[in-house]
file upload27.cif (mmCIF, N, CA and C atoms)
data_query
#
loop_
_atom_site.label_atom_id
_atom_site.label_comp_id
_atom_site.auth_asym_id
_atom_site.auth_seq_id
_atom_site.Cartn_x
_atom_site.Cartn_y
_atom_site.Cartn_z
N MET A 1 -33.88 45.02 16.91
CA MET A 1 -32.79 45.08 15.96
C MET A 1 -31.81 43.97 16.25
N SER A 2 -31.24 43.49 15.21
CA SER A 2 -30.18 42.50 15.30
C SER A 2 -29.07 42.99 14.38
N LEU A 3 -28.35 44.01 14.84
CA LEU A 3 -27.29 44.63 14.04
C LEU A 3 -25.95 44.41 14.72
N ARG A 4 -24.93 44.25 13.91
CA ARG A 4 -23.58 44.14 14.47
C ARG A 4 -22.57 44.70 13.49
N VAL A 5 -21.50 45.18 14.03
CA VAL A 5 -20.38 45.64 13.21
C VAL A 5 -19.45 44.45 13.06
N ARG A 6 -19.05 44.20 11.83
CA ARG A 6 -18.14 43.09 11.60
C ARG A 6 -16.96 43.55 10.74
N LYS A 7 -15.86 42.89 10.90
CA LYS A 7 -14.67 43.18 10.11
C LYS A 7 -14.89 42.67 8.70
N PHE A 8 -14.85 43.56 7.72
CA PHE A 8 -15.09 43.19 6.33
C PHE A 8 -13.80 42.73 5.65
N ASN A 9 -12.74 43.49 5.89
CA ASN A 9 -11.40 43.10 5.43
C ASN A 9 -10.41 43.70 6.42
N ARG A 10 -9.17 43.77 6.08
CA ARG A 10 -8.17 44.24 7.04
C ARG A 10 -8.33 45.69 7.45
N THR A 11 -8.93 46.50 6.62
CA THR A 11 -9.00 47.93 6.89
C THR A 11 -10.41 48.48 7.06
N MET A 12 -11.42 47.66 6.89
CA MET A 12 -12.78 48.18 6.88
C MET A 12 -13.72 47.34 7.74
N SER A 13 -14.60 48.03 8.48
CA SER A 13 -15.67 47.38 9.22
C SER A 13 -17.00 47.78 8.58
N THR A 14 -17.97 46.89 8.66
CA THR A 14 -19.28 47.17 8.07
C THR A 14 -20.39 46.84 9.07
N LEU A 15 -21.56 47.40 8.80
CA LEU A 15 -22.75 47.11 9.59
C LEU A 15 -23.54 46.04 8.87
N ASN A 16 -24.00 45.06 9.60
CA ASN A 16 -24.69 43.93 9.02
C ASN A 16 -25.84 43.54 9.95
N GLY A 17 -26.99 43.19 9.40
CA GLY A 17 -28.06 42.68 10.23
C GLY A 17 -29.44 43.11 9.77
N THR A 18 -30.39 43.01 10.71
CA THR A 18 -31.80 43.22 10.40
C THR A 18 -32.43 44.15 11.43
N ILE A 19 -33.28 45.05 10.94
CA ILE A 19 -34.12 45.88 11.80
C ILE A 19 -35.53 45.34 11.67
N TYR A 20 -36.13 44.97 12.80
CA TYR A 20 -37.47 44.41 12.80
C TYR A 20 -38.48 45.49 13.20
N ILE A 21 -39.44 45.75 12.35
CA ILE A 21 -40.55 46.63 12.70
C ILE A 21 -41.74 45.69 12.86
N ARG A 22 -42.16 45.45 14.08
CA ARG A 22 -43.15 44.42 14.39
C ARG A 22 -44.60 44.87 14.20
N GLN A 23 -44.84 46.17 14.24
CA GLN A 23 -46.19 46.70 14.08
C GLN A 23 -46.12 48.02 13.33
N PRO A 24 -47.23 48.47 12.73
CA PRO A 24 -47.19 49.75 12.04
C PRO A 24 -46.78 50.87 12.99
N MET A 25 -45.94 51.78 12.50
CA MET A 25 -45.44 52.86 13.35
C MET A 25 -45.70 54.19 12.68
N GLY A 26 -46.21 55.15 13.45
CA GLY A 26 -46.49 56.48 12.94
C GLY A 26 -45.71 57.53 13.73
N ASP A 27 -46.17 58.76 13.62
CA ASP A 27 -45.50 59.86 14.30
C ASP A 27 -45.78 59.90 15.80
N ASN A 28 -46.60 58.96 16.32
CA ASN A 28 -46.81 58.92 17.77
C ASN A 28 -45.56 58.44 18.51
N LEU A 29 -44.66 57.73 17.81
CA LEU A 29 -43.36 57.37 18.38
C LEU A 29 -42.42 58.54 18.10
N LYS A 30 -42.01 59.24 19.15
CA LYS A 30 -41.11 60.40 19.02
C LYS A 30 -39.69 59.95 19.29
N LEU A 31 -38.77 60.38 18.42
CA LEU A 31 -37.35 60.03 18.56
C LEU A 31 -36.57 61.23 19.08
N TYR A 32 -35.81 61.02 20.13
CA TYR A 32 -34.97 62.04 20.76
C TYR A 32 -33.52 61.60 20.63
N THR A 33 -32.61 62.55 20.43
CA THR A 33 -31.19 62.20 20.30
C THR A 33 -30.35 62.99 21.29
N ASP A 34 -29.29 62.37 21.75
CA ASP A 34 -28.28 63.02 22.58
C ASP A 34 -26.92 62.62 22.05
N LEU A 35 -26.00 63.57 21.98
CA LEU A 35 -24.64 63.32 21.53
C LEU A 35 -23.66 63.48 22.69
N PHE A 36 -22.67 62.60 22.72
CA PHE A 36 -21.63 62.64 23.75
C PHE A 36 -20.27 62.51 23.04
N HIS A 37 -19.26 63.19 23.59
CA HIS A 37 -17.94 63.21 22.97
C HIS A 37 -16.88 62.85 23.99
N SER A 38 -15.94 62.02 23.59
CA SER A 38 -14.77 61.67 24.39
C SER A 38 -13.54 62.10 23.59
N ARG A 39 -12.97 63.24 23.96
CA ARG A 39 -11.86 63.82 23.20
C ARG A 39 -10.66 62.88 23.12
N LEU A 40 -10.36 62.19 24.21
CA LEU A 40 -9.21 61.30 24.24
C LEU A 40 -9.54 59.88 23.77
N GLY A 41 -10.81 59.61 23.52
CA GLY A 41 -11.21 58.27 23.08
C GLY A 41 -11.14 57.23 24.17
N ASN A 42 -11.25 57.66 25.43
CA ASN A 42 -11.09 56.75 26.56
C ASN A 42 -12.40 56.43 27.27
N GLN A 43 -13.53 56.59 26.58
CA GLN A 43 -14.85 56.28 27.11
C GLN A 43 -15.32 57.23 28.21
N GLN A 44 -14.62 58.34 28.42
CA GLN A 44 -15.06 59.35 29.37
C GLN A 44 -15.81 60.42 28.57
N PHE A 45 -17.11 60.20 28.44
CA PHE A 45 -17.92 61.03 27.57
C PHE A 45 -18.45 62.27 28.28
N ASN A 46 -18.49 63.36 27.54
CA ASN A 46 -19.14 64.59 27.97
C ASN A 46 -20.31 64.85 27.05
N HIS A 47 -21.42 65.31 27.64
CA HIS A 47 -22.59 65.62 26.83
C HIS A 47 -22.24 66.75 25.88
N TYR A 48 -22.54 66.59 24.60
CA TYR A 48 -22.21 67.59 23.59
C TYR A 48 -23.46 68.42 23.30
N PRO A 49 -23.33 69.74 23.20
CA PRO A 49 -24.54 70.58 23.09
C PRO A 49 -25.29 70.47 21.76
N ALA A 50 -24.69 69.88 20.73
CA ALA A 50 -25.41 69.72 19.45
C ALA A 50 -26.54 68.72 19.64
N LYS A 51 -27.63 68.94 18.95
CA LYS A 51 -28.78 68.07 19.10
C LYS A 51 -29.51 67.98 17.76
N LEU A 52 -29.92 66.78 17.42
CA LEU A 52 -30.79 66.62 16.27
C LEU A 52 -32.22 66.90 16.73
N PRO A 53 -33.05 67.47 15.87
CA PRO A 53 -34.40 67.82 16.32
C PRO A 53 -35.23 66.58 16.65
N THR A 54 -36.08 66.70 17.66
CA THR A 54 -37.03 65.65 18.01
C THR A 54 -38.01 65.50 16.85
N ALA A 55 -38.32 64.26 16.50
CA ALA A 55 -39.21 64.02 15.36
C ALA A 55 -40.01 62.76 15.59
N GLY A 56 -41.21 62.72 15.00
CA GLY A 56 -41.98 61.49 14.95
C GLY A 56 -41.30 60.51 14.00
N PHE A 57 -41.65 59.23 14.09
CA PHE A 57 -40.97 58.20 13.32
C PHE A 57 -41.09 58.43 11.81
N CYS A 58 -42.29 58.76 11.33
CA CYS A 58 -42.47 59.01 9.89
C CYS A 58 -41.66 60.23 9.45
N GLU A 59 -41.70 61.27 10.26
CA GLU A 59 -40.93 62.48 9.95
C GLU A 59 -39.44 62.19 9.94
N PHE A 60 -38.99 61.35 10.87
CA PHE A 60 -37.58 60.94 10.93
C PHE A 60 -37.17 60.24 9.62
N VAL A 61 -38.02 59.33 9.14
CA VAL A 61 -37.72 58.61 7.90
C VAL A 61 -37.69 59.58 6.72
N ARG A 62 -38.64 60.52 6.66
CA ARG A 62 -38.65 61.52 5.58
C ARG A 62 -37.36 62.35 5.60
N ASN A 63 -36.97 62.82 6.78
CA ASN A 63 -35.74 63.62 6.90
C ASN A 63 -34.51 62.79 6.55
N LEU A 64 -34.50 61.53 6.94
CA LEU A 64 -33.38 60.64 6.62
C LEU A 64 -33.23 60.50 5.11
N HIS A 65 -34.34 60.31 4.41
CA HIS A 65 -34.30 60.20 2.95
C HIS A 65 -33.88 61.51 2.30
N ALA A 66 -34.38 62.64 2.84
CA ALA A 66 -34.05 63.94 2.25
C ALA A 66 -32.56 64.26 2.39
N ALA A 67 -31.99 63.98 3.56
CA ALA A 67 -30.61 64.35 3.83
C ALA A 67 -29.59 63.28 3.38
N TYR A 68 -29.96 62.00 3.48
CA TYR A 68 -28.98 60.93 3.26
C TYR A 68 -29.49 59.87 2.28
N GLY A 69 -30.40 60.25 1.39
CA GLY A 69 -31.01 59.29 0.46
C GLY A 69 -30.02 58.47 -0.33
N LYS A 70 -28.92 59.08 -0.77
CA LYS A 70 -27.95 58.33 -1.58
C LYS A 70 -27.25 57.23 -0.78
N HIS A 71 -27.27 57.34 0.56
CA HIS A 71 -26.65 56.31 1.40
C HIS A 71 -27.63 55.20 1.76
N LEU A 72 -28.90 55.35 1.41
CA LEU A 72 -29.93 54.38 1.78
C LEU A 72 -30.31 53.44 0.64
N VAL A 73 -29.78 53.67 -0.56
CA VAL A 73 -30.23 52.92 -1.74
C VAL A 73 -29.97 51.42 -1.64
N ASP A 74 -28.94 50.99 -0.95
CA ASP A 74 -28.63 49.57 -0.87
C ASP A 74 -29.17 48.90 0.39
N ILE A 75 -30.03 49.59 1.13
CA ILE A 75 -30.71 48.98 2.27
C ILE A 75 -31.97 48.31 1.75
N VAL A 76 -32.14 47.03 2.04
CA VAL A 76 -33.21 46.22 1.47
C VAL A 76 -34.49 46.34 2.30
N ASN A 77 -35.60 46.64 1.62
CA ASN A 77 -36.94 46.68 2.21
C ASN A 77 -37.12 47.82 3.21
N GLY A 78 -36.39 48.91 3.04
CA GLY A 78 -36.54 50.07 3.92
C GLY A 78 -37.81 50.84 3.61
N PRO A 79 -38.33 51.59 4.58
CA PRO A 79 -39.54 52.38 4.33
C PRO A 79 -39.27 53.52 3.35
N GLN A 80 -40.29 53.87 2.59
CA GLN A 80 -40.20 54.96 1.62
C GLN A 80 -40.51 56.28 2.33
N PRO A 81 -40.03 57.41 1.80
CA PRO A 81 -40.21 58.68 2.49
C PRO A 81 -41.67 59.12 2.61
N ASP A 82 -42.54 58.69 1.69
CA ASP A 82 -43.94 59.12 1.74
C ASP A 82 -44.84 58.10 2.44
N GLU A 83 -44.27 57.08 3.03
CA GLU A 83 -45.05 56.03 3.70
C GLU A 83 -45.31 56.40 5.16
N CYS A 84 -46.56 56.50 5.54
CA CYS A 84 -46.91 56.76 6.93
C CYS A 84 -48.36 56.32 7.15
N PRO A 85 -48.67 55.47 8.08
CA PRO A 85 -47.74 54.81 8.99
C PRO A 85 -46.84 53.81 8.24
N ILE A 86 -45.72 53.55 8.84
CA ILE A 86 -44.76 52.63 8.25
C ILE A 86 -45.18 51.21 8.61
N LYS A 87 -45.36 50.38 7.60
CA LYS A 87 -45.87 49.03 7.79
C LYS A 87 -44.84 48.13 8.46
N ALA A 88 -45.35 47.07 9.10
CA ALA A 88 -44.47 46.07 9.71
C ALA A 88 -43.61 45.43 8.62
N ARG A 89 -42.34 45.21 8.92
CA ARG A 89 -41.41 44.66 7.94
C ARG A 89 -40.10 44.30 8.60
N GLU A 90 -39.25 43.68 7.83
CA GLU A 90 -37.86 43.45 8.22
C GLU A 90 -37.00 44.22 7.22
N VAL A 91 -36.10 45.05 7.74
CA VAL A 91 -35.20 45.85 6.91
C VAL A 91 -33.81 45.23 7.03
N TYR A 92 -33.20 44.94 5.89
CA TYR A 92 -31.91 44.25 5.88
C TYR A 92 -30.78 45.21 5.51
N ILE A 93 -29.76 45.20 6.32
CA ILE A 93 -28.55 45.99 6.07
C ILE A 93 -27.42 44.99 5.85
N LEU A 94 -26.85 45.01 4.66
CA LEU A 94 -25.86 44.02 4.28
C LEU A 94 -24.52 44.69 3.99
N ASP A 95 -23.56 44.48 4.87
CA ASP A 95 -22.20 44.99 4.70
C ASP A 95 -22.18 46.47 4.33
N LYS A 96 -22.85 47.28 5.13
CA LYS A 96 -22.95 48.72 4.89
C LYS A 96 -21.77 49.43 5.56
N VAL A 97 -21.00 50.14 4.76
CA VAL A 97 -19.88 50.93 5.27
C VAL A 97 -20.44 52.26 5.75
N PHE A 98 -20.02 52.71 6.93
CA PHE A 98 -20.50 53.99 7.44
C PHE A 98 -19.94 55.11 6.56
N PRO A 99 -20.81 55.96 6.01
CA PRO A 99 -20.34 57.03 5.12
C PRO A 99 -19.77 58.20 5.94
N SER A 100 -18.45 58.33 5.95
CA SER A 100 -17.82 59.38 6.76
C SER A 100 -18.20 60.78 6.28
N SER A 101 -18.71 60.89 5.06
CA SER A 101 -19.12 62.21 4.56
C SER A 101 -20.34 62.75 5.29
N THR A 102 -21.04 61.92 6.06
CA THR A 102 -22.22 62.38 6.79
C THR A 102 -21.86 63.11 8.08
N ILE A 103 -20.62 63.03 8.51
CA ILE A 103 -20.19 63.70 9.73
C ILE A 103 -19.75 65.11 9.38
N PRO A 104 -20.37 66.12 10.01
CA PRO A 104 -19.97 67.50 9.71
C PRO A 104 -18.51 67.74 10.07
N PRO A 105 -17.77 68.49 9.24
CA PRO A 105 -16.35 68.72 9.50
C PRO A 105 -16.07 69.54 10.75
N VAL A 106 -17.08 70.18 11.31
CA VAL A 106 -16.85 70.98 12.53
C VAL A 106 -16.80 70.10 13.77
N PHE A 107 -17.17 68.84 13.66
CA PHE A 107 -17.11 67.95 14.82
C PHE A 107 -15.65 67.59 15.09
N PRO A 108 -15.22 67.70 16.34
CA PRO A 108 -13.83 67.36 16.66
C PRO A 108 -13.58 65.85 16.60
N THR A 109 -12.33 65.50 16.43
CA THR A 109 -11.95 64.09 16.41
C THR A 109 -12.11 63.50 17.80
N GLY A 110 -12.12 62.18 17.87
CA GLY A 110 -12.28 61.47 19.13
C GLY A 110 -13.38 60.44 19.03
N LEU A 111 -13.84 59.99 20.17
CA LEU A 111 -14.90 58.99 20.24
C LEU A 111 -16.24 59.69 20.43
N TRP A 112 -17.22 59.31 19.64
CA TRP A 112 -18.56 59.91 19.69
C TRP A 112 -19.58 58.83 20.01
N LYS A 113 -20.55 59.21 20.82
CA LYS A 113 -21.67 58.31 21.12
C LYS A 113 -22.97 59.06 20.87
N MET A 114 -23.87 58.45 20.10
CA MET A 114 -25.20 59.01 19.88
C MET A 114 -26.20 58.06 20.52
N VAL A 115 -27.05 58.60 21.40
CA VAL A 115 -28.10 57.83 22.03
C VAL A 115 -29.43 58.28 21.44
N ILE A 116 -30.18 57.35 20.87
CA ILE A 116 -31.50 57.65 20.30
C ILE A 116 -32.54 56.94 21.15
N THR A 117 -33.49 57.73 21.64
CA THR A 117 -34.55 57.21 22.49
C THR A 117 -35.89 57.40 21.79
N GLY A 118 -36.72 56.37 21.78
CA GLY A 118 -38.05 56.45 21.21
C GLY A 118 -39.08 56.42 22.33
N ARG A 119 -39.98 57.40 22.33
CA ARG A 119 -40.99 57.50 23.39
C ARG A 119 -42.39 57.58 22.79
N VAL A 120 -43.31 56.92 23.46
CA VAL A 120 -44.74 57.03 23.15
C VAL A 120 -45.40 57.51 24.43
N ASP A 121 -46.09 58.62 24.35
CA ASP A 121 -46.75 59.22 25.53
C ASP A 121 -45.77 59.38 26.70
N GLU A 122 -44.57 59.91 26.40
CA GLU A 122 -43.52 60.18 27.38
C GLU A 122 -42.98 58.94 28.09
N GLU A 123 -43.27 57.75 27.56
CA GLU A 123 -42.74 56.52 28.12
C GLU A 123 -41.72 55.95 27.15
N ASP A 124 -40.51 55.66 27.64
CA ASP A 124 -39.46 55.10 26.78
C ASP A 124 -39.87 53.73 26.27
N LYS A 125 -39.82 53.58 24.95
CA LYS A 125 -40.15 52.29 24.32
C LYS A 125 -38.94 51.65 23.67
N LEU A 126 -37.97 52.46 23.26
CA LEU A 126 -36.74 51.92 22.70
C LEU A 126 -35.60 52.88 22.97
N ARG A 127 -34.42 52.31 23.02
CA ARG A 127 -33.21 53.11 23.20
C ARG A 127 -32.06 52.32 22.60
N TYR A 128 -31.31 53.00 21.76
CA TYR A 128 -30.11 52.37 21.22
C TYR A 128 -29.03 53.41 21.08
N GLN A 129 -27.81 52.94 20.98
CA GLN A 129 -26.69 53.86 20.88
C GLN A 129 -25.73 53.40 19.79
N MET A 130 -25.06 54.39 19.25
CA MET A 130 -24.07 54.14 18.20
C MET A 130 -22.80 54.85 18.65
N VAL A 131 -21.68 54.18 18.57
CA VAL A 131 -20.40 54.75 18.94
C VAL A 131 -19.52 54.76 17.70
N LEU A 132 -18.93 55.93 17.41
CA LEU A 132 -18.05 56.10 16.25
C LEU A 132 -16.73 56.69 16.70
N HIS A 133 -15.66 56.25 16.09
CA HIS A 133 -14.35 56.84 16.33
C HIS A 133 -14.01 57.69 15.12
N VAL A 134 -13.94 58.99 15.33
CA VAL A 134 -13.67 59.93 14.23
C VAL A 134 -12.18 60.25 14.23
N HIS A 135 -11.54 59.99 13.08
CA HIS A 135 -10.12 60.28 12.89
C HIS A 135 -9.99 61.51 12.01
N GLU A 136 -8.87 62.18 12.12
CA GLU A 136 -8.63 63.36 11.29
C GLU A 136 -8.61 63.00 9.81
N LYS A 137 -8.11 61.83 9.46
CA LYS A 137 -8.03 61.44 8.05
C LYS A 137 -9.43 61.29 7.43
N ASP A 138 -10.47 61.07 8.28
CA ASP A 138 -11.83 60.97 7.75
C ASP A 138 -12.23 62.28 7.07
N PHE A 139 -11.70 63.40 7.55
CA PHE A 139 -12.07 64.70 7.00
C PHE A 139 -11.10 65.19 5.94
N PHE A 140 -9.84 64.83 6.08
CA PHE A 140 -8.82 65.44 5.23
C PHE A 140 -8.13 64.44 4.30
N GLY A 141 -8.54 63.16 4.35
CA GLY A 141 -7.86 62.16 3.54
C GLY A 141 -8.67 61.75 2.45
#
call {"tool": "encode", "arguments": {"input": "upload27.cif", "output": "structure tokens"}}
result
Amino acid sequence: MSLRVRKFNRTMSTLNGTIYIRQPMGDNLKLYTDLFHSRLGNQQFNHYPAKLPTAGFCEFVRNLHAAYGKHLVDIVNGPQPDECPIKAREVYILDKVFPSSTIPPVFPTGLWKMVITGRVDEEDKLRYQMVLHVHEKDFFG
């Protein structure tokens, strides 16, 4: 992946870049998630008990389309929900604003970190993390 967050204007940041899928990928790549929360936003994270279900890569893409399909329409060359194995490609994300509506309102404010690990035969093949700062106005504004 070659993704970065960039300042779009004075008040908004966006995600920009490319996801490279170098070879066909199926459900043999299992994705695991862990959530961490920093109540004060000071990078002192505690493991949060909520967990997204472990899923194969194709199943992950199907679930992503089912739950967040309206947020994926402007992603260029992304895999389709019925495609498995997913063919090699480059997926382009151009100035994508993070949709705050995807965060459940029961999640407390503060700094959040999600770690996603991809394993094949119990061996880690990829790991990436996403850090979000959740403000109260995201839910009530």
call {"tool": "closest_residue", "arguments": {"input": "upload27.cif", "among": "A:Gly17, A:Met1, A:Val131, A:Ser38", "to": "A:Val76", "atoms": "only C-alpha atoms"}}
result
A:Gly17
call {"tool": "residues_near_point", "arguments": {"input": "upload27.cif", "point": "(-28.8, 44.1, 3.1)", "cutoff": "6.5 Å", "atoms": "all atoms listed in the file", "output": "ChimeraX atom specification"}}
result
/A:74-76,91-95
call {"tool": "select_by_dssp", "arguments": {"input": "upload27.cif", "residues": "stretch 36-133 of chain A", "states": "strand (DSSP E or B)", "output": "JSON, numbers by chain"}}
result
{"A": [36, 37, 38, 46, 47, 48, 55, 56, 76, 86, 89, 90, 91, 92, 93, 94, 95, 96, 110, 111, 112, 113, 114, 115, 116, 117, 118, 119, 120, 123, 124, 125, 126, 127, 128, 129, 130, 131, 132, 133]}
call {"tool": "resolve_selection", "arguments": {"input": "upload27.cif", "expression": "the PyMOL selection byres ((chain A and resi 15) around 7)", "output": "MDAnalysis selection string"}}
result
chainID A and resid 3:6 13:14 16:17 93:98
call {"tool": "closest_residue", "arguments": {"input": "upload27.cif", "among": "A:Gly69, A:Pro79, A:Pro53, A:Gly110", "to": "A:Arg39", "atoms": "only C-alpha atoms"}}
result
A:Gly110
call {"tool": "resolve_selection", "arguments": {"input": "upload27.cif", "expression": "the PyMOL selection byres ((chain A and resi 88) around 5)", "output": "VMD selection string"}}
result
chain A and resid 21 to 24 86 to 87 89 to 90
call {"tool": "resolve_selection", "arguments": {"input": "upload27.cif", "expression": "the PyMOL selection byres ((chain A and resi 116) around 5)", "output": "VMD selection string"}}
result
chain A and resid 32 to 33 114 to 115 117 to 118 127 to 129
call {"tool": "select_by_dssp", "arguments": {"input": "upload27.cif", "residues": "chain A", "states": "alpha helix (DSSP H)", "output": "list of chain:residue names"}}
result
A:Phe57, A:Cys58, A:Glu59, A:Phe60, A:Val61, A:Arg62, A:Asn63, A:Leu64, A:His65, A:Ala66, A:Ala67, A:Tyr68, A:Gly69, A:Lys70, A:His71, A:Leu72, A:Lys137, A:Asp138, A:Phe139, A:Phe140
call {"tool": "atom_distance", "arguments": {"input": "upload27.cif", "atom1": "atom CA of A:Asn77", "atom2": "atom N of A:Arg119"}}
result
23.0 Å
call {"tool": "closest_residue", "arguments": {"input": "upload27.cif", "among": "A:Lys113, A:Lys70, A:Lys51, A:Arg10", "to": "A:Leu31", "atoms": "only C-alpha atoms"}}
result
A:Lys51
call {"tool": "residues_around", "arguments": {"input": "upload27.cif", "residues": "A:Gly56", "least_positions_apart": "4", "cutoff": "9 Å", "atoms": "only C-alpha atoms", "output": "MDAnalysis selection string"}}
result
chainID A and resid 26:31 60:61 118
call {"tool": "write_last_selection", "arguments": {"input": "upload27.cif", "atoms": "N, CA and C atoms", "output": "PDB file, in the coordinates of the input"}}
result
ATOM      1  N   GLY A  26     -46.210  55.150  13.450  1.00  0.00           N
ATOM      2  CA  GLY A  26     -46.490  56.480  12.940  1.00  0.00           C
ATOM      3  C   GLY A  26     -45.710  57.530  13.730  1.00  0.00           C
ATOM      4  N   ASP A  27     -46.170  58.760  13.620  1.00  0.00           N
ATOM      5  CA  ASP A  27     -45.500  59.860  14.300  1.00  0.00           C
ATOM      6  C   ASP A  27     -45.780  59.900  15.800  1.00  0.00           C
ATOM      7  N   ASN A  28     -46.600  58.960  16.320  1.00  0.00           N
ATOM      8  CA  ASN A  28     -46.810  58.920  17.770  1.00  0.00           C
ATOM      9  C   ASN A  28     -45.560  58.440  18.510  1.00  0.00           C
ATOM     10  N   LEU A  29     -44.660  57.730  17.810  1.00  0.00           N
ATOM     11  CA  LEU A  29     -43.360  57.370  18.380  1.00  0.00           C
ATOM     12  C   LEU A  29     -42.420  58.540  18.100  1.00  0.00           C
ATOM     13  N   LYS A  30     -42.010  59.240  19.150  1.00  0.00           N
ATOM     14  CA  LYS A  30     -41.110  60.400  19.020  1.00  0.00           C
ATOM     15  C   LYS A  30     -39.690  59.950  19.290  1.00  0.00           C
ATOM     16  N   LEU A  31     -38.770  60.380  18.420  1.00  0.00           N
ATOM     17  CA  LEU A  31     -37.350  60.030  18.560  1.00  0.00           C
ATOM     18  C   LEU A  31     -36.570  61.230  19.080  1.00  0.00           C
ATOM     19  N   PHE A  60     -38.990  61.350  10.870  1.00  0.00           N
ATOM     20  CA  PHE A  60     -37.580  60.940  10.930  1.00  0.00           C
ATOM     21  C   PHE A  60     -37.170  60.240   9.620  1.00  0.00           C
ATOM     22  N   VAL A  61     -38.020  59.330   9.140  1.00  0.00           N
ATOM     23  CA  VAL A  61     -37.720  58.610   7.900  1.00  0.00           C
ATOM     24  C   VAL A  61     -37.690  59.580   6.720  1.00  0.00           C
ATOM     25  N   GLY A 118     -36.720  56.370  21.780  1.00  0.00           N
ATOM     26  CA  GLY A 118     -38.050  56.450  21.210  1.00  0.00           C
ATOM     27  C   GLY A 118     -39.080  56.420  22.330  1.00  0.00           C
TER      28      GLY A 118
END
call {"tool": "build_atoms", "arguments": {"input": "upload27.cif", "residues": "stretch 73-86 of chain A", "atoms": "N, CA, C and O atoms", "output": "JSON list (two decimals), in the frame of the given file"}}
result
[["chain", "number", "residue", "atom", "x", "y", "z"],
["A", 73, "VAL", "N", -29.78, 53.67, -0.56],
["A", 73, "VAL", "CA", -30.23, 52.92, -1.74],
["A", 73, "VAL", "C", -29.97, 51.42, -1.64],
["A", 73, "VAL", "O", -30.73, 50.63, -2.18],
["A", 74, "ASP", "N", -28.94, 50.99, -0.95],
["A", 74, "ASP", "CA", -28.63, 49.57, -0.87],
["A", 74, "ASP", "C", -29.17, 48.90, 0.39],
["A", 74, "ASP", "O", -28.83, 47.76, 0.68],
["A", 75, "ILE", "N", -30.03, 49.59, 1.13],
["A", 75, "ILE", "CA", -30.71, 48.98, 2.27],
["A", 75, "ILE", "C", -31.97, 48.31, 1.75],
["A", 75, "ILE", "O", -32.79, 48.93, 1.08],
["A", 76, "VAL", "N", -32.14, 47.03, 2.04],
["A", 76, "VAL", "CA", -33.21, 46.22, 1.47],
["A", 76, "VAL", "C", -34.49, 46.34, 2.30],
["A", 76, "VAL", "O", -34.47, 46.16, 3.52],
["A", 77, "ASN", "N", -35.60, 46.64, 1.62],
["A", 77, "ASN", "CA", -36.94, 46.68, 2.21],
["A", 77, "ASN", "C", -37.12, 47.82, 3.21],
["A", 77, "ASN", "O", -37.92, 47.73, 4.13],
["A", 78, "GLY", "N", -36.39, 48.91, 3.04],
["A", 78, "GLY", "CA", -36.54, 50.07, 3.92],
["A", 78, "GLY", "C", -37.81, 50.84, 3.61],
["A", 78, "GLY", "O", -38.34, 50.76, 2.49],
["A", 79, "PRO", "N", -38.33, 51.59, 4.58],
["A", 79, "PRO", "CA", -39.54, 52.38, 4.33],
["A", 79, "PRO", "C", -39.27, 53.52, 3.35],
["A", 79, "PRO", "O", -38.17, 54.07, 3.30],
["A", 80, "GLN", "N", -40.29, 53.87, 2.59],
["A", 80, "GLN", "CA", -40.20, 54.96, 1.62],
["A", 80, "GLN", "C", -40.51, 56.28, 2.33],
["A", 80, "GLN", "O", -41.20, 56.30, 3.35],
["A", 81, "PRO", "N", -40.03, 57.41, 1.80],
["A", 81, "PRO", "CA", -40.21, 58.68, 2.49],
["A", 81, "PRO", "C", -41.67, 59.12, 2.61],
["A", 81, "PRO", "O", -42.03, 59.81, 3.56],
["A", 82, "ASP", "N", -42.54, 58.69, 1.69],
["A", 82, "ASP", "CA", -43.94, 59.12, 1.74],
["A", 82, "ASP", "C", -44.84, 58.10, 2.44],
["A", 82, "ASP", "O", -46.05, 58.25, 2.45],
["A", 83, "GLU", "N", -44.27, 57.08, 3.03],
["A", 83, "GLU", "CA", -45.05, 56.03, 3.70],
["A", 83, "GLU", "C", -45.31, 56.40, 5.16],
["A", 83, "GLU", "O", -44.39, 56.62, 5.93],
["A", 84, "CYS", "N", -46.56, 56.50, 5.54],
["A", 84, "CYS", "CA", -46.91, 56.76, 6.93],
["A", 84, "CYS", "C", -48.36, 56.32, 7.15],
["A", 84, "CYS", "O", -49.24, 56.75, 6.39],
["A", 85, "PRO", "N", -48.67, 55.47, 8.08],
["A", 85, "PRO", "CA", -47.74, 54.81, 8.99],
["A", 85, "PRO", "C", -46.84, 53.81, 8.24],
["A", 85, "PRO", "O", -47.21, 53.31, 7.18],
["A", 86, "ILE", "N", -45.72, 53.55, 8.84],
["A", 86, "ILE", "CA", -44.76, 52.63, 8.25],
["A", 86, "ILE", "C", -45.18, 51.21, 8.61],
["A", 86, "ILE", "O", -45.37, 50.90, 9.78]]
